[in-house]
Structures are given as C-alpha cells and as structure tokens.
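Okay, structure first, notes after.
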Protein chains: 2
Amino acid sequence: MSDSKKFLLNENDIPTAWYNIIPDMRVKPRPMINPVTHEPLTEEDLHPLFTREASKQEMNTTDTWIEIPEQVRDLYKIWRPTPLVRARGLEKALDTPAHIYFKNESVSPVGSHKLNSAIPQAYYAKMEGVTNLTTETGAGQWGAALSMATKMMGLNLAVYMVKVSYHQKPYRRSIMQTYGAEVVASPSMSTKAGRKIITDHPNHQGSLGTAISEAVELAMSTPNCKYALGSVLNHVSLHQTIIGLEAEKQMEMAGEYPDTVIGCFGGGSNFSGIVFPFMRHNLTGDSHIRFIAAEPSSCPKLTRGVMQYDFGDEAGYTPMIPMLTLGHDFTPANIHAGGLRYHGAGSIVSQLKADGMMDAVDIPQLETFEAATLFARAEGLIPAPESAHAIAAAIREAKKAKEAGEKRVILFNLSGHGLIDMTAYDRYLSGDLTNYELTDEEVKASTDSLEKII
Amino acid sequence: MSDSKKFLLNENDIPTAWYNIIPDMRVKPRPMINPVTHEPLTEEDLHPLFTREASKQEMNTTDTWIEIPEQVRDLYKIWRPTPLVRARGLEKALDTPAHIYFKNESVSPVGSHKLNSAIPQAYYAKMEGVTNLTTETGAGQWGAALSMATKMMGLNLAVYMVKVSYHQKPYRRSIMQTYGAEVVASPSMSTKAGRKIITDHPNHQGSLGTAISEAVELAMSTPNCKYALGSVLNHVSLHQTIIGLEAEKQMEMAGEYPDTVIGCFGGGSNFSGIVFPFMRHNLTGDSHIRFIAAEPSSCPKLTRGVMQYDFGDEAGYTPMIPMLTLGHDFTPANIHAGGLRYHGAGSIVSQLKADGMMDAVDIPQLETFEAATLFARAEGLIPAPESAHAIAAAIREAKKAKEAGEKRVILFNLSGHGLIDMTAYDRYLSGDLTNYELTDEEVKASTDSLEKII
C-alpha cells in the first residue's frame with residue numbers, strides 16, 4: 001500500500017520574486033546576435049517581437065530577484081503552491097535505499113508547469129495594451145496554458161501547433177479551442193515561412209522550429225500583436241523558477257536536501273525551473289548538488305549537439321542564440337514526447353553545460369514509457385511522456401544507489417500529467433512503440449551546415 | 001481578469017468520519033428486496049457480492065457517523081482536501097448578484113470524485129483477504145478510480161465498460177489499462193448475461209445496466225472475488241459525503257452559507273456527496289437550503305421516472321431496489337455525459353425526492369456544453385460533461401437571481417474535469433451535437449413493463 005507523503009505550502013508561501021541565475025553565473029551566457037551584422041542584440045531590438053517587460057527581463061543580467069506582480073501571484077493561487085511528494089511507492093517498487101521526491105506541477109488546470117510563464121506573459125501583454133498574442137506549441141502543453149492565460153486576460157491568441165501533434169494529440173487542440181484560441185497546424189499555408197517549408201518539403205510534419213517561424217511572422221505582420229514563447233528564452237526560465245523556489249522550502253519541511261535534481265529537457269523551461277534555485281548554492285560553493293537534464297535519444301542536443309550560434313526557428317526569423325544545437329533544420333522523429341522535440345537549448349543552460357555545472361542523459365522512448373507505467377502504478381499519477389524522461393533518469397539514479405548501497409536524496413520535477421496523452425500509452429501497452437537512435441552521420445549532417453560563429 | 005478565490009483546508013481538516021443520512025431521515029428508504037420472495041434483504045444476503053464492510057455499511061440505518069479508517073485518510077491525502085472556489089469569473093460573465101461557489105473534486109489524480117469511494121472499497125477488500133474485484137464503468141471515471149485504488153492495494157481488477165464509452169472514450173480505457181486493470185467492452189461474449197444481450201440485440205451499445213450484469217456475474221462465479229459499485233448504493237453515497245463535509249467547513253471560511261446546493265445526477269454518488277451533509281440541517285429544521293439534482297434530458301429518472309422496485313442492472317441479477325426509475329431495460333441516447341446514463345436513482349435519493357426534500361431539473365445536451373464552455377473561459381477549468389449539468393443548473397439559478405435582483409449563495413460540485421472528454425468538446429465546437437428529448441410514450445413504454453410492487 002502506498003504511503004507516499006505530500007509536503008504542502010500555504011498560499012502565503014508562494015514566492016514573491018523569481019530567481020534570475022545570470023548574475024550568479026561565473027561565465028555569463030553569450031548574448032543573442034543579429035544574424036546579419038553579428039552585433040549583440042539590445043533590449044530595443046526585441047520590442048517588435050516581445051512585450052517590453054519580457055524584453056527587459058530577457059536582457060536582465062544584473063538583478064538576482066525579479067518581483068512577481070501581485071495579480072500574477074493571485075492567478076498562481078488557482079493551483080499553486082504545488083505539492084512536493086516523497087515517492088515511497090516508487091522507492092518500494094525499486095527496492096532502493098534512495099529517497100525519491102518529486103515536485104508535482106501536473107496539478108495545474110491545464111495539467112503542466114507551462115502556466116507559470118503563460119500567466120505573466122499574458123499579464124504583461126494586457127498591461128501594455130497588446131490585444132493579440134501568437135505562439136507555437138509542440139505537444140500542446142504550452143498552447144493550452146497560454147490559451148487559458150490569454151482568455152483570463154481577455155486577449156486573443158493564435159497558436160501554431162506542430163502538425164504531427166495537431167493530428168496525434170487532438171485533445172490538446174480541442175482544449176485550446178475550448179478556451180477560445182485559434183489553432184493552426186504548422187507548417188501551414190497561412191504564412192510565407194509555412195508556404196516555403198511546404199513547397200520544399202510537402203510532407204513536412206512540422207517541428208517547434210517551423211511553428212515558431214510562423215508565429216513570429218504573424219506577430220511581426222499584425223498590428224498590436226506580440227509573440228510569446230514557452231521555453232528556451234531567459235525570461236521563460238525566470239518565470240519557471242517558482243518551481244524550484246517552492247521545492248526548496250518543501251525539502252526543508254521534509255528535513256532533507258537533494259544530492260541530485262533532475263528535469264526533463266525540451267527547450268529548458270521546466271528543467272531551469274526546478275534546477276536554477278538549487279544551483280545557486282552550487283554557484284556560491286555552498287552545495288555540491290548534481291543536476292541532470294533528461295532528453296530523448298531521438299533529439300539529443302545536450303548530449304550530442306554542438307555549441308554554436310543558431311536560429312531558434314526553422315526559417316531563420318529569430319535572432320541567433322548561442323546554443324547547444326542539432327541545427328535549426330533538424331527534424332526529430334515523431335516520438336510521443338512532442339514537447340521535447342526541439343533542436344536547441346537556451347543560452348543559459350548551454351553555457352552551464354559547457355562549463356560542467358550540469359550533466360545530461362538521453363533516454364530511449366521505450367525506457368521512458370516503462371518508467372512512466374511503473375510510476376503510474378506505484379504513485380497513482382499518470383505522467384506526461386515528457387515528464388517520464390525525468391522519471392526514467394531518477395530511476396536510473398535510484399538503481400545506482402541500490403547497487404552502491406547508498407542512501408541518496410533524489411528530486412525530480414513532474415512537469416505534467418499524461419491524461420491527455422493516452423494514445424501514446426495505448427500504443428506502448430500494445431507493443432507498438434519503438435526507439436529512435438540517431439547515427440553520428442545524422443548528427444553531423446544536421447550540424448555541419450551551421451555558420452561557424454563561435 | 002479572473003479574481004476567483006480559493007478556500008483551502010489543511011490535511012488535518014480531512015473529516016474523520018463519513019455522514020450517514022439514514023438515521024436523520026424522517027421517512028426511511030424502503031429496504032432492498034429479494035426479486036423472487038419479495039422479502040427484505042439482510043446484510044448476509046449481500047456477502048456473496050460485496051465485501052463484508054460494504055455490506056454492513058449498506059444496511060446501517062442507525063449510526064450517523066461512520067469512522068474513516070486511518071489508511072483510507074492517508075490515501076485521501078494524495079489529493080484531499082480539495083479546494084472550494086468562489087467563481088467570481090463566472091459571476092462576472094453572468095453579471096449576476098449571486099455568489100457562486102464550487103467544490104473542485106476534479107483535482108484527484110484520476111480527475112474526478114470517484115476515488116472517494118474507490119479507495120475505501122479497495123481497502124476493505126484488501127483487509128478481508130479478497131484478491132480480485134470486478135466493476136462496471138460508464139464514462140470511465142469510476143473504472144479509472146477503482147483501477148488506481150486496486151493497484152495501490154495490490155489487487156486485481158476487471159472492468160466492464162459500457163460499449164459506447166469504450167469506443168467513444170478510448171483515453172479512459174487506456175488510463176485503466178495503464179494502471180494495470182483488465183477492461184472489457186459491455187455487452188461482451190465473456191458472460192452469460194452479455195451473450196444473451198448480444199443475441200437479443202446484436203447492436204446493443206451497452207449501458208451501466210448491462211455492464212453491472214456482467215461484472216456481478218463474474219464476481220459471483222470467481223473465487224475470492226467481490227464486486228464494487230461506483231454509485232447508487234448507500235455505502236457509496238456514504239463515502240462521498242466527505243465532499244460536503246469539507247465544503248461546509250470551507251463555506252464557513254468564506255463567511256457565507258449556501259441557499260442552494262447543486263450536483264449533477266447519474267446514480268447519485270457526487271450529488272449525495274455534496275448534498276447530504278448540508279441536508280442534515282434541513283432535516284433537523286435548522287436550515288432551509290434548496291437542493292437541486294441536475295440530470296440529462298435524455299435520461300430523466302428523477303423528473304420523469306416512476307417510483308417502483310426495479311433491478312439495478314439490465315439482466316436482473318441484482319436485488320430489487322426501491323428507486324425512481326425509467327425501467328432497467330431503458331437504453332438512453334449516446335450523450336457525451338456517459339456517467340449520467342443510468343436508469344434509476346439510489347433508494348435514499350428516491351425517497352428524499354418523493355418526500356419533497358429536494359428538487360430535480362433536466363438539462364438538454366447543448367445547454368450543458370454551452371455552460372461548460374462559458375465556465376472554462378471564465379474559470380480556466382474545463383469541466384467533465386457530467387459536471388457541466390451542475391454548472392448549467394447553477395447558471396439557471398444565477399440568472400434567476402439577476403432577474404429578481406436577489407443576492408443568492410449557490411454552491412455546486414465540480415465532480416470532475418473534462419480533459420479526457422475533449423472529443424465531446426470538439427464535436428460541440430464543430431456544431432455536431434444535438435439534444436435528445438424523450439416523448440411521454442417512450443417513458444411510458446420503458447416503465448410500463450415494471451412489476452408493480454409498490
């Protein structure tokens with residue numbers, strides 16, 4: 001019988017400021033650059049695309065704490081603070097001496113951590129008089145979150161959804177539409193970028209790269225419209241740090257401190273969110289926690305990508321970002337963790353990885369679903385396929401602890417639930433899923449075409 | 001911008017006893033009877049079918065409070081206490097002077113209130129050495145809940161799922177399978193009852209009645225196997241009273257008291273859960289709250305059924321229950337609120353309705369989805385189609401309050417979220433749903449064949 005234990009904070013314990021890791025980094029991330037001039041971008045350069053406040057936060061390298069607006073905190077209270085859970089059921093199933101904790105971000109109304117950034121981004125748009133937002137979404141978690149957040153603020157939203165997910169995950173599309181958003185499968189014929197991609201590759205199934213191109217183009221060509229991104233960028237990571245800040249207080253309640261902190265990795269939003277608040281103590285030398293990003297074997301930018309300036313999107317509309325990347329025209333296999341199918345990592349994480357401040361592992365698809373099913377049966381929660389990568393990495397660590405006979409304290413982020421991903425589970429249980437491994441030649445082919453700036 | 005307010009209890013505030021309404025009822029419900037002898041059933045008569053503790057609770061007409069076992073309370077803590085929310089977003093959207101509150105039972109790991117009874121039923125089975133359970137499920141909410149609860153207890157489970165839902169709601173089937181349960185579409189060829197139904201009606205799409213017949217037959221013919229039911233019966237209503245007991249404490253925190261309490265109605269589990277703890281004050285004359293059961297127009301047992309002894313299942317395997325019923329072979333239209341497609345109401349609610357202690361309204365399918373979409377956009381939560389009946393009834397009351405210029409306090413139960421029901425929303429948003437109204441002749445035809453015992 002499960003005797004997993006939940007550690008709960010009060011609404012008053014919701015942090016009043018987000019944590020900006022950049023001032024604490026010994027080596028700062030390289031700046032974004034203009035793709036033509038290679039000049040570093042200024043805050044003003046971002047204004048045509050993003051809200052002024054998001055642009056300001058994106059460029060803020062000096063303020064360690066950024067205040068969370070009171071109205072954002074009020075909306076956070078719809079579901080925050082989220083629980084921290086000691087996963088005794090999973091520990092028992094693994095017969096491990098390790099203590100395993102997870103932060104349960106799946107309890108939000110849209111089922112994932114993505115609301116943590118959707119709400120402030122929609123709030124800043126509202127405050128600045130913006131009436132329309134555009135965005136992209138992979139698996140649909142970000143799109144669902146921004147659909148809810150914009151509706152709460154009375155804004156309009158157009159979502160470009162990666163085509164394979166649009167068809168594979170019709171429930172997420174319907175969720176966005178139920179909240180009143182317009183949803184378009186990307187690549188589409190509604191933008192120049194989309195038309196070019198479809199012309200060049202008629203059967204292109206889309207990627208976050210294609211969807212970002214289309215959303216950016218629409219925002220740039222529509223009056224009073226801005227673009228909102230759900231991962232990769234500094235200000236998104238900033239908003240997500242509420243996860244780790246809460247988790248740290250809750251680990252204190254549990255009377256333990258993690259030696260390992262794990263997040264799954266797509267563009268970096270939930271990983272940064274759980275990891276950065278703990279990493280600040282490593283950066284000051286007060287702790288020696290190990291941080292592990294868990295990415296899919298089919299999209300291994302952290303473990304096999306190159307450090308280079310690259311575009312954030314397929315068409316090359318965005319500024320160039322210094323990133324660990326597989327190349328902006330890399331198209332990953334159609335794995336069911338659609339939210340992890342992104343070619344690059346944000347500039348902060350890329351720098352931290354290059355500096356040896358964190359590790360990364362890549363997990364094959366079958367191992368993630370094996371972990372997900374074990375977790376569901378042991379803890380009662382069906383995880384999102386994305387989050388299952390973090391579970392799989394935690395299980396690997398817990399097994400090592402058992403082999404070594406070590407008491408360990410492992411914390412991972414459960415970024416979302418899988419109740420809207422049951423098609424993937426159905427296929428797994430039917431023995432219908434496979435692994436996708438990239439050859440070195442494939443990685444080389446997709447990265448060789450990158451301009452050598454670094 | 002939404003400023004809905006949440007009222008939260010601590011884990012220590014989880015009630016330590018369920019509320020049994022029968023001792024407080026002026027007119028007790030008639031007893032269940034043996035269909036052949038018409039003799040009242042004894043507790044022992046239930047032992048072949050149910051666990052001993054469930055049988056005992058079913059027949060308990062004297063103890064007002066039944067202690068909740070500590071291990072059940074520990075498992076409740078996975079998601080309880082659940083929030084009470086003042087739905088200011090909905091109030092604003094309706095421009096009503098009424099205050100609208102909802103109890104949010106959708107936050108459970110399986111997305112509905114059904115775990116409240118699944119956990120104690122699985123717990124009692126475990127304590128009594130039972131190794132296998134069988135059950136039926138309509139929309140899949142009960143089946144998902146019992147799948148999780150049995151897995152937590154290390155028991156096996158076979159679920160007969162209404163055929164139309166099995167095909168219409170594949171995600172719910174996959175959820176049960178992910179938790180390790182065996183799921184069979186009913187009517188099936190695996191039981192005598194199923195074979196007879198299929199022989200008589202080759203295209204029968206199933207009903208809770210057919211699924212109960214099959215689950216009961218399997219339990220009766222399998223060693224060390226008991227049957228568990230998710231609604232209708234007294235002990236299920238008992239377990240669900242934790243909803244209203246928590247809600248009453250939370251209304252006190254809000255500094256208000258409801259004049260109207262609303263639940264959607266299938267077999268009565270969530271309705272009893274939110275209503276009975278408040279109704280006890282009406283029964284003692286200390287309050288004059290109005291109670292409203294919201295049922296679908298296509299399955300209107302409370303508003304148009306007859307009070308008669310009837311079988312709980314299609315094949316006539318169960319004891320006869322005194323119920324407001326449309327007849328046990330009534331097959332409702334394939335509405336998307338699968339959990340409300342049951343032909344009768346439990347004996348307690350039927351008696352309370354007959355005695356004028358509560359009201360009922362029937363809601364057409366399109367009005368429920370209109371209410372659901374309005375609620376989703378105003379409050380950020382996408383409700384289950386079942387729960388949307390309660391929302392629609394609350395909206396009717398809030399509109400009346402506006403017309404009358406009355407400050408009212410309306411409380412309803414949000415029994416579950418709709419994230420696993422997005423096909424239904426997709427069809428609604430596509431203009432592809434219709435209403436189903438029963439003619440008087442249809443109601444008469446399905447009730448006329450009942451044996452006249454009362």
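Every chain in the structure tokens takes a letter, A first, then B, and so on in the order presented; its residues are numbered from 1, and the ligands are numbered from 1 following the presented order.
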
Review point. Using only C-alpha atoms, which residues sit within 9 Å of region 185-200 of chain B once same-chain residues fewer than 5 positions away are excluded, as a list of chain:residue names?
Key: B:Glu136, B:Val159, B:Tyr160, B:Met161, B:Val162, B:Lys163, B:Val164, B:Ser165, B:Tyr166, B:His167, B:Gln205, B:Gly206, B:Ser207, B:Leu208, B:Thr210, B:Ala211, B:Ser213, B:Glu214, B:Ala215, B:Glu217, B:Leu218, B:Glu314, B:Ala315, B:Tyr317

Check your understanding: Gly405 (chain B): which residues within 9 Å, counting only C-alpha atoms, same-chain residues fewer than 6 positions away excluded, as a list in words?
Key -> Thr96, Pro97 and Ala98 of chain B

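Near chain B, counting only C-alpha atoms at 6 Å, the chain A residues are A:Met1, A:Ser2, A:Pro109, A:Met148, A:Met152, A:Met153, A:Tyr171, A:Ser174, A:Tyr179, A:Arg377, A:Gly380, A:Leu381, A:Met422, A:Asp426.
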
Mind dumping the selected residues with all heavy atoms as a short mmCIF file (atom, residue, chain, number, x, y, z; two decimals), in the first residue's frame?
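Result file follows (result.cif):
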```cif
data_model
loop_
_atom_site.label_atom_id
_atom_site.label_comp_id
_atom_site.auth_asym_id
_atom_site.auth_seq_id
_atom_site.Cartn_x
_atom_site.Cartn_y
_atom_site.Cartn_z
N MET A 1 0.84 -1.19 0.00
CA MET A 1 0.00 0.00 0.00
C MET A 1 0.88 1.25 0.00
O MET A 1 1.87 1.31 0.71
CB MET A 1 -0.89 -0.02 1.25
CG MET A 1 -2.15 0.78 1.08
SD MET A 1 -3.15 0.66 2.58
CE MET A 1 -3.34 -1.14 2.73
N SER A 2 0.51 2.20 -0.82
CA SER A 2 1.31 3.42 -0.93
C SER A 2 1.24 4.22 0.36
O SER A 2 0.18 4.39 0.94
CB SER A 2 0.79 4.28 -2.08
OG SER A 2 1.36 5.57 -2.01
N PRO A 109 -4.57 23.62 -13.84
CA PRO A 109 -5.79 23.34 -14.61
C PRO A 109 -5.51 22.80 -16.01
O PRO A 109 -6.34 22.09 -16.55
CB PRO A 109 -6.50 24.70 -14.70
CG PRO A 109 -5.94 25.52 -13.59
CD PRO A 109 -4.55 25.01 -13.34
N MET A 148 -5.43 29.42 -21.93
CA MET A 148 -6.14 29.74 -20.70
C MET A 148 -5.75 31.12 -20.19
O MET A 148 -6.60 31.93 -19.83
CB MET A 148 -5.86 28.69 -19.63
CG MET A 148 -6.51 29.05 -18.30
SD MET A 148 -6.03 27.97 -16.94
CE MET A 148 -6.31 29.07 -15.54
N MET A 152 -8.12 34.46 -19.65
CA MET A 152 -8.28 35.11 -18.34
C MET A 152 -8.04 36.62 -18.44
O MET A 152 -8.60 37.40 -17.68
CB MET A 152 -7.29 34.54 -17.31
CG MET A 152 -7.43 33.06 -17.02
SD MET A 152 -8.57 32.70 -15.67
CE MET A 152 -9.91 31.95 -16.59
N MET A 153 -7.14 37.01 -19.38
CA MET A 153 -6.78 38.43 -19.52
C MET A 153 -7.62 39.13 -20.59
O MET A 153 -7.41 40.32 -20.85
CB MET A 153 -5.29 38.55 -19.92
CG MET A 153 -4.33 38.03 -18.91
SD MET A 153 -4.24 39.09 -17.44
CE MET A 153 -3.28 38.00 -16.36
N TYR A 171 -6.85 16.06 -28.58
CA TYR A 171 -7.44 16.56 -27.34
C TYR A 171 -6.82 17.90 -26.96
O TYR A 171 -7.50 18.80 -26.49
CB TYR A 171 -7.22 15.56 -26.19
CG TYR A 171 -8.21 14.42 -26.14
CD1 TYR A 171 -8.78 13.90 -27.30
CD2 TYR A 171 -8.58 13.86 -24.93
CE1 TYR A 171 -9.68 12.85 -27.25
CE2 TYR A 171 -9.48 12.81 -24.87
CZ TYR A 171 -10.03 12.30 -26.03
OH TYR A 171 -10.92 11.27 -25.96
N SER A 174 -8.28 20.56 -29.02
CA SER A 174 -9.64 20.89 -28.56
C SER A 174 -9.60 21.70 -27.27
O SER A 174 -10.46 22.56 -27.05
CB SER A 174 -10.46 19.62 -28.34
OG SER A 174 -10.56 18.88 -29.53
N TYR A 179 -10.89 26.94 -24.86
CA TYR A 179 -10.56 28.22 -24.21
C TYR A 179 -10.71 29.41 -25.16
O TYR A 179 -10.51 30.55 -24.76
CB TYR A 179 -9.12 28.19 -23.67
CG TYR A 179 -8.93 27.38 -22.41
CD1 TYR A 179 -7.98 26.37 -22.33
CD2 TYR A 179 -9.69 27.65 -21.27
CE1 TYR A 179 -7.79 25.64 -21.17
CE2 TYR A 179 -9.52 26.92 -20.10
CZ TYR A 179 -8.56 25.93 -20.06
OH TYR A 179 -8.37 25.22 -18.91
N ARG A 377 1.70 3.10 -11.63
CA ARG A 377 1.18 2.02 -10.78
C ARG A 377 1.66 2.15 -9.34
O ARG A 377 1.00 1.68 -8.41
CB ARG A 377 1.56 0.66 -11.38
CG ARG A 377 0.86 0.46 -12.72
CD ARG A 377 1.20 -0.84 -13.42
NE ARG A 377 0.53 -0.86 -14.72
CZ ARG A 377 0.57 -1.87 -15.58
NH1 ARG A 377 1.23 -2.98 -15.27
NH2 ARG A 377 -0.07 -1.79 -16.73
N GLY A 380 0.19 6.31 -8.52
CA GLY A 380 -1.19 6.66 -8.84
C GLY A 380 -1.35 7.79 -9.83
O GLY A 380 -2.46 8.13 -10.19
N LEU A 381 -0.23 8.39 -10.28
CA LEU A 381 -0.29 9.52 -11.22
C LEU A 381 0.27 9.10 -12.56
O LEU A 381 1.38 8.58 -12.63
CB LEU A 381 0.55 10.69 -10.70
CG LEU A 381 0.19 11.25 -9.32
CD1 LEU A 381 1.29 12.19 -8.84
CD2 LEU A 381 -1.14 11.99 -9.40
N MET A 422 -3.05 9.73 -23.70
CA MET A 422 -3.28 8.30 -23.52
C MET A 422 -3.10 7.50 -24.81
O MET A 422 -2.87 6.30 -24.77
CB MET A 422 -4.66 8.05 -22.90
CG MET A 422 -4.83 8.60 -21.48
SD MET A 422 -3.46 8.22 -20.32
CE MET A 422 -3.48 6.42 -20.34
N ASP A 426 -1.49 3.89 -24.96
CA ASP A 426 -2.18 2.81 -25.65
C ASP A 426 -1.22 2.12 -26.61
O ASP A 426 -1.15 0.88 -26.67
CB ASP A 426 -3.37 3.42 -26.41
CG ASP A 426 -4.41 2.37 -26.75
OD1 ASP A 426 -4.50 1.36 -26.04
OD2 ASP A 426 -5.14 2.58 -27.74
#
```

**Study point:** Closest of A:Ile212, A:Val349, A:Gly268, A:Gly431 to Asp313 (chain A) - atom-to-atom distances counting only C-alpha atoms
**Key:** A:Ile212

**Study point:** CA of Met59 (chain B) to CA of Gln121 (chain B), distance in Å rounded to a single decimal
**Key:** 15.4 Å

Practice item. Please report, as an MDAnalysis selection string, each residue of region 251-295 of chain B to which DSSP assigns alpha helix (DSSP H) when run on this structure's backbone. Key: chainID B and resid 251:254 269:283

Which residues, written as a short mmCIF file (atom, residue, chain, number, x, y, z; two decimals) with N, CA and C atoms, in the first residue's frame, have at least one atom at most 12 Å from Lys28 (chain B), with only C-alpha atoms counted and residues fewer than 4 positions away on the same chain left out?
```cif
data_model
loop_
_atom_site.label_atom_id
_atom_site.label_comp_id
_atom_site.auth_asym_id
_atom_site.auth_seq_id
_atom_site.Cartn_x
_atom_site.Cartn_y
_atom_site.Cartn_z
N ILE B 21 -26.83 9.54 6.30
CA ILE B 21 -28.05 10.37 6.40
C ILE B 21 -29.26 9.59 6.89
N ILE B 22 -29.24 8.26 6.74
CA ILE B 22 -30.47 7.48 7.01
C ILE B 22 -31.03 7.69 8.42
N PRO B 23 -30.18 7.67 9.47
CA PRO B 23 -30.76 7.87 10.81
C PRO B 23 -31.50 9.20 10.94
N ASP B 24 -31.11 10.21 10.15
CA ASP B 24 -31.76 11.52 10.24
C ASP B 24 -33.01 11.65 9.38
N MET B 59 -26.32 -1.51 5.01
CA MET B 59 -27.51 -1.79 5.82
C MET B 59 -27.58 -0.96 7.10
N ASN B 60 -26.61 -0.10 7.29
CA ASN B 60 -26.55 0.64 8.56
C ASN B 60 -27.55 1.79 8.57
N THR B 61 -28.60 1.65 9.36
CA THR B 61 -29.62 2.70 9.42
C THR B 61 -29.62 3.42 10.77
N THR B 62 -28.59 3.14 11.58
CA THR B 62 -28.62 3.66 12.95
C THR B 62 -27.43 4.57 13.31
N PRO B 322 -35.68 0.02 -4.31
CA PRO B 322 -36.78 0.98 -4.46
C PRO B 322 -36.25 2.27 -5.07
N SER B 347 -31.84 4.40 -3.48
CA SER B 347 -33.06 4.39 -2.65
C SER B 347 -33.16 5.62 -1.75
N ILE B 348 -32.05 6.13 -1.26
CA ILE B 348 -32.12 7.29 -0.37
C ILE B 348 -32.61 8.51 -1.13
N VAL B 349 -31.95 8.80 -2.25
CA VAL B 349 -32.34 9.98 -3.03
C VAL B 349 -33.77 9.84 -3.54
N SER B 350 -34.14 8.63 -3.95
CA SER B 350 -35.50 8.44 -4.44
C SER B 350 -36.52 8.78 -3.35
N GLN B 351 -36.23 8.36 -2.12
CA GLN B 351 -37.14 8.65 -1.01
C GLN B 351 -37.16 10.16 -0.71
N LEU B 352 -35.99 10.77 -0.71
CA LEU B 352 -35.91 12.21 -0.43
C LEU B 352 -36.68 13.01 -1.48
N ALA B 354 -39.18 11.84 -3.32
CA ALA B 354 -40.61 11.57 -3.12
C ALA B 354 -41.17 12.39 -1.96
N ASP B 355 -40.34 12.62 -0.96
CA ASP B 355 -40.78 13.36 0.23
C ASP B 355 -40.65 14.88 0.08
#
```

Check your understanding: Out of A:Ala54, A:Glu91, A:Ser117, A:Ile274, which residue has the shortest atom-to-atom distance to Lys402 (chain A) when counting only C-alpha atoms?
Key ->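 Among the listed residues, the smallest separation from Lys402 (chain A) belongs to A:Glu91.
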
Check your understanding: Any idea what's packed within 10 Å of Ile66 (chain A), counting only C-alpha atoms, ignoring anything in its chain fewer than 4 positions away? Could you give it as a PyMOL selection string?
Key -> chain A and resi 16-20+57+60+238-239
